[in-house]
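Here is the structure we will look at.
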There are 2 protein chains.
Amino acid sequence: MNTQAPIGVFDSGFGGLTVMKEIMRQLPGENLIYFGDTARVPYGTKSKGTVLKYSRQIVHFLMTKEVKAIVVACNTASALALEEIKQEIEIPIIGVVEPGAKMAAETTETKTIGIIGTDSTIKSGIYTSYLRQLDPEITVVSRACPLFVPLVEEGLLEDRITDDVIERYLHELKDYGIDSLILGCTHYPLIRNAIRRYMGPDVHLVNPAYETAKSLKAMLKEQDLINRSGNPAGYQYYVSDGVDSFISFASDVLPCHVEKAEIVDIESY
Amino acid sequence: MNTQAPIGVFDSGFGGLTVMKEIMRQLPGENLIYFGDTARVPYGTKSKGTVLKYSRQIVHFLMTKEVKAIVVACNTASALALEEIKQEIEIPIIGVVEPGAKMAAETTETKTIGIIGTDSTIKSGIYTSYLRQLDPEITVVSRACPLFVPLVEEGLLEDRITDDVIERYLHELKDYGIDSLILGCTHYPLIRNAIRRYMGPDVHLVNPAYETAKSLKAMLKEQDLINRSGNPAGYQYYVSDGVDSFISFASDVLPCHVEKAEIVDIESY
């Protein structure tokens, strides 16, 4: 395997850029290719069959770019498609669910963990099942929060309406006495300050983006796939729709300026 | 043309069922086929190119069912794709924009009309351009309301959070003194009571679903396409994802029980 080959990172849209950012920070020598399925976003309301089909198309596209590894930077696709795709390809692939669950299981003292995400992620029960595998004594309280993504996309990061919605969604989790809360959707870290204000300082917020980059690094080391060429890392961006809004959002989120993104006819893969 | 052939009605998802319902009511003798693109919903954030591509696939699918006419029951697709598709097919096709705009132009006294819709519908400027064609003296005040669809889909039809969002989006339109407000997205009639409460009794709310069914009837009469067989009307439902949630939603919205819906691999059309 060519260690200078890029790593493919994909998401249903913009959200996975929070994962991309962590990978850039923790693995500054790696070439990266990002694909955002902005034409078919969101995945969080779709069925397992559809998310699996879309994820397979994206993996096929990334394989044409000869990536050495793939990161599923989308909680819904990690929850609904990762296990199947892992069986179908030769290169290593990791998602955001397992690293997030592992960190939460390690930090909880009360053994009561909260998990929030899209409808499909929560319905899949995958975080609960990982957490139970890690420690059967853990109690998991989960809640779908479908309004968080639209609120983030409307830019209402610090807003009374967002605070009201947070209270509506999270009051049960607060009453339950969780001490660790997994932000199980890539958009949620963008309202982490408002969530922290409501949940209080004793609840540890787990950001799977950070944990995923850490796991990716460990995995690349273990499989001797780290790029040690010393060449400056190159980044490429592909989307299925809306290049201009992607470039503007990406340049806000990432520590570097994004100059161009290319449209991919993803349905043909 | 076989007058007993069905009429095709399509939308990006569930919302177009409010149009379907009006057609059932105003044209009880017509056979209808509904297609909801539930796998790729929403259209309101997508580019013109993508919405046109998706709409063409759906029109091709409906043509295989030998429909005699097509209703684009989606404001975004009506705004971004109708003009092109009209040139490409032989059968009559109507959208929801023109009928809604016409009613608003007829009812306004102050000649100041408000229009609310998705990002893409508002950005397209199509309501404004229709209204100006109808009466160049009309002033149009438009506003995208991206949170309304997720709020409706969360079931928050009567809720303080929805009232707050309505105030946030509509206060400028209210200050502007509009006397007619076009509900330019098929989901919005479901929160019309809350919108009416905020806007007050002097603002006429225009529901394009109702106006579209009326226009469809007039068009079928004019082209001698009314089904006069006297046979009971038949209804068929197709979606691109999530049959169960579609059936449950459709049975709530429509005046009849929906027994089944079929999955269509719409990307292959």
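Chain identifiers are assigned as A, B, and so on, following the order in which chains appear in the structure tokens; residues are numbered from 1 within each chain, and ligands are numbered from 1 in order of appearance.
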Selection: 10 Å around stretch 97-105 of chain A, only C-alpha atoms, excl. self and same-chain fewer than 2 positions, as an NGL selection string
:A and (72-79 or 82 or 94-95 or 107-109 or 111-115 or 121 or 126-132 or 134-135 or 138 or 179-185 or 204-216)
Report as a count of residues only the set of chain A residues whose atoms approach chain B to within 8 Å, with distances computed over only C-alpha atoms.
18
Find the spatial neighbours of stretch 7-18 of chain B, counting only C-alpha atoms, within a cut-off of 6 Å - ignore same-chain residues fewer than 3 positions away - and output them as a PyMOL selection string.
chain B and resi 21+32-38+41+67-74+186-187
Residues within 12 Å of B:Asn2, please, as a ChimeraX atom specification. Count only C-alpha atoms; anything in the same chain fewer than 4 positions from it doesn't count.
/B:6-7,31,66-69,91,224-229
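One distance worth recording is that between atom CA of A:Val264 and atom CA of A:Met63, which is 13.7 Å.
You can rank A:His60, A:Lys65, A:Lys174, A:Lys123 by their closest distance to A:Arg197 using only C-alpha atoms, and at the top of that list sits A:Lys174.
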Give the alpha helix (DSSP H) residues of stretch 3-239 of chain A, as assigned by DSSP on the backbone, as an mmCIF file with C-alpha atoms, in the first residue's frame.
```
data_model
loop_
_atom_site.group_PDB
_atom_site.id
_atom_site.type_symbol
_atom_site.label_atom_id
_atom_site.label_comp_id
_atom_site.auth_asym_id
_atom_site.auth_seq_id
_atom_site.Cartn_x
_atom_site.Cartn_y
_atom_site.Cartn_z
ATOM 1 C CA LEU A 17 -15.934 18.929 8.113
ATOM 2 C CA THR A 18 -15.709 19.017 11.924
ATOM 3 C CA VAL A 19 -14.115 15.545 11.654
ATOM 4 C CA MET A 20 -11.932 16.637 8.707
ATOM 5 C CA LYS A 21 -10.673 19.530 10.842
ATOM 6 C CA GLU A 22 -9.644 17.212 13.691
ATOM 7 C CA ILE A 23 -7.858 14.889 11.243
ATOM 8 C CA MET A 24 -5.933 17.854 9.767
ATOM 9 C CA ARG A 25 -4.908 18.844 13.282
ATOM 10 C CA GLN A 26 -3.927 15.408 14.582
ATOM 11 C CA LYS A 48 -31.056 1.798 6.374
ATOM 12 C CA GLY A 49 -31.368 0.552 2.779
ATOM 13 C CA THR A 50 -31.097 4.032 1.308
ATOM 14 C CA VAL A 51 -28.210 5.129 3.555
ATOM 15 C CA LEU A 52 -26.347 1.901 2.711
ATOM 16 C CA LYS A 53 -26.890 2.422 -1.035
ATOM 17 C CA TYR A 54 -25.702 6.052 -0.884
ATOM 18 C CA SER A 55 -22.691 5.157 1.292
ATOM 19 C CA ARG A 56 -21.658 2.386 -1.124
ATOM 20 C CA GLN A 57 -21.761 4.835 -4.044
ATOM 21 C CA ILE A 58 -19.503 7.235 -2.123
ATOM 22 C CA VAL A 59 -17.072 4.462 -1.159
ATOM 23 C CA HIS A 60 -16.893 3.427 -4.843
ATOM 24 C CA PHE A 61 -16.147 7.019 -5.782
ATOM 25 C CA LEU A 62 -13.403 7.302 -3.141
ATOM 26 C CA MET A 63 -11.868 4.009 -4.321
ATOM 27 C CA THR A 64 -11.425 5.543 -7.795
ATOM 28 C CA ASN A 75 -23.035 9.346 12.547
ATOM 29 C CA THR A 76 -26.023 8.075 10.554
ATOM 30 C CA ALA A 77 -23.874 6.342 7.896
ATOM 31 C CA SER A 78 -21.592 4.959 10.640
ATOM 32 C CA ALA A 79 -24.663 3.605 12.403
ATOM 33 C CA LEU A 80 -26.459 2.145 9.368
ATOM 34 C CA LEU A 82 -20.369 0.771 8.253
ATOM 35 C CA GLU A 83 -20.664 -2.877 9.292
ATOM 36 C CA GLU A 84 -21.757 -4.023 5.811
ATOM 37 C CA ILE A 85 -19.213 -1.918 3.922
ATOM 38 C CA LYS A 86 -16.381 -3.135 6.146
ATOM 39 C CA GLN A 87 -16.999 -6.642 4.755
ATOM 40 C CA GLU A 88 -16.974 -5.426 1.153
ATOM 41 C CA VAL A 97 -19.663 5.828 16.561
ATOM 42 C CA GLU A 98 -17.135 3.422 18.089
ATOM 43 C CA PRO A 99 -14.538 6.066 19.095
ATOM 44 C CA GLY A 100 -17.237 8.274 20.668
ATOM 45 C CA ALA A 101 -18.777 5.373 22.575
ATOM 46 C CA LYS A 102 -15.374 4.248 23.839
ATOM 47 C CA MET A 103 -14.496 7.667 25.234
ATOM 48 C CA ALA A 104 -17.882 7.979 26.958
ATOM 49 C CA ALA A 105 -17.509 4.534 28.542
ATOM 50 C CA GLU A 106 -14.032 5.465 29.793
ATOM 51 C CA THR A 107 -15.050 8.782 31.378
ATOM 52 C CA ASP A 119 -33.769 10.039 14.226
ATOM 53 C CA SER A 120 -32.045 7.268 12.259
ATOM 54 C CA THR A 121 -28.953 7.160 14.475
ATOM 55 C CA ILE A 122 -31.022 6.938 17.656
ATOM 56 C CA LYS A 123 -33.461 4.378 16.187
ATOM 57 C CA SER A 124 -30.529 2.194 15.066
ATOM 58 C CA ILE A 126 -25.962 1.352 17.710
ATOM 59 C CA TYR A 127 -24.452 3.611 20.389
ATOM 60 C CA THR A 128 -26.363 1.711 23.054
ATOM 61 C CA SER A 129 -25.180 -1.616 21.719
ATOM 62 C CA TYR A 130 -21.503 -0.514 21.562
ATOM 63 C CA LEU A 131 -21.702 0.928 25.081
ATOM 64 C CA ARG A 132 -23.248 -2.294 26.444
ATOM 65 C CA GLN A 133 -20.500 -4.331 24.785
ATOM 66 C CA LEU A 134 -17.902 -2.127 26.471
ATOM 67 C CA PHE A 148 -30.660 20.805 16.079
ATOM 68 C CA VAL A 149 -29.326 20.443 12.499
ATOM 69 C CA PRO A 150 -31.735 23.005 10.975
ATOM 70 C CA LEU A 151 -31.040 25.406 13.868
ATOM 71 C CA VAL A 152 -27.269 25.114 13.283
ATOM 72 C CA GLU A 153 -27.778 25.567 9.541
ATOM 73 C CA ARG A 160 -33.081 32.030 22.768
ATOM 74 C CA ILE A 161 -34.957 29.756 20.332
ATOM 75 C CA THR A 162 -32.055 27.266 20.330
ATOM 76 C CA ASP A 163 -31.897 27.412 24.158
ATOM 77 C CA ASP A 164 -35.640 26.608 24.298
ATOM 78 C CA VAL A 165 -35.266 23.660 21.928
ATOM 79 C CA ILE A 166 -32.270 22.377 23.944
ATOM 80 C CA GLU A 167 -34.346 22.492 27.126
ATOM 81 C CA ARG A 168 -37.236 20.691 25.391
ATOM 82 C CA TYR A 169 -34.988 17.879 24.126
ATOM 83 C CA LEU A 170 -32.559 17.497 27.012
ATOM 84 C CA HIS A 171 -34.575 17.989 30.213
ATOM 85 C CA GLU A 172 -35.242 14.271 30.585
ATOM 86 C CA LEU A 173 -31.555 13.426 30.124
ATOM 87 C CA LYS A 174 -30.718 16.042 32.767
ATOM 88 C CA ASP A 175 -33.288 14.646 35.190
ATOM 89 C CA ARG A 192 -21.827 22.717 22.413
ATOM 90 C CA ASN A 193 -21.597 25.973 24.410
ATOM 91 C CA ALA A 194 -25.385 26.261 24.628
ATOM 92 C CA ILE A 195 -25.687 22.546 25.466
ATOM 93 C CA ARG A 196 -23.001 22.862 28.170
ATOM 94 C CA ARG A 197 -24.759 25.896 29.671
ATOM 95 C CA TYR A 198 -27.981 23.891 29.984
ATOM 96 C CA MET A 199 -26.459 20.579 31.152
ATOM 97 C CA PRO A 208 -16.833 11.956 18.413
ATOM 98 C CA ALA A 209 -14.945 14.049 15.802
ATOM 99 C CA TYR A 210 -11.980 14.418 18.152
ATOM 100 C CA GLU A 211 -12.054 10.766 19.236
ATOM 101 C CA THR A 212 -12.332 9.577 15.629
ATOM 102 C CA ALA A 213 -9.204 11.449 14.528
ATOM 103 C CA LYS A 214 -7.387 9.890 17.517
ATOM 104 C CA SER A 215 -8.551 6.392 16.552
ATOM 105 C CA LEU A 216 -7.610 6.971 12.909
ATOM 106 C CA LYS A 217 -4.087 7.928 13.948
ATOM 107 C CA ALA A 218 -3.726 4.800 16.119
ATOM 108 C CA MET A 219 -5.057 2.624 13.306
ATOM 109 C CA LEU A 220 -2.688 4.103 10.686
ATOM 110 C CA LYS A 221 0.265 3.573 13.033
ATOM 111 C CA GLU A 222 -0.712 0.002 13.765
#
```
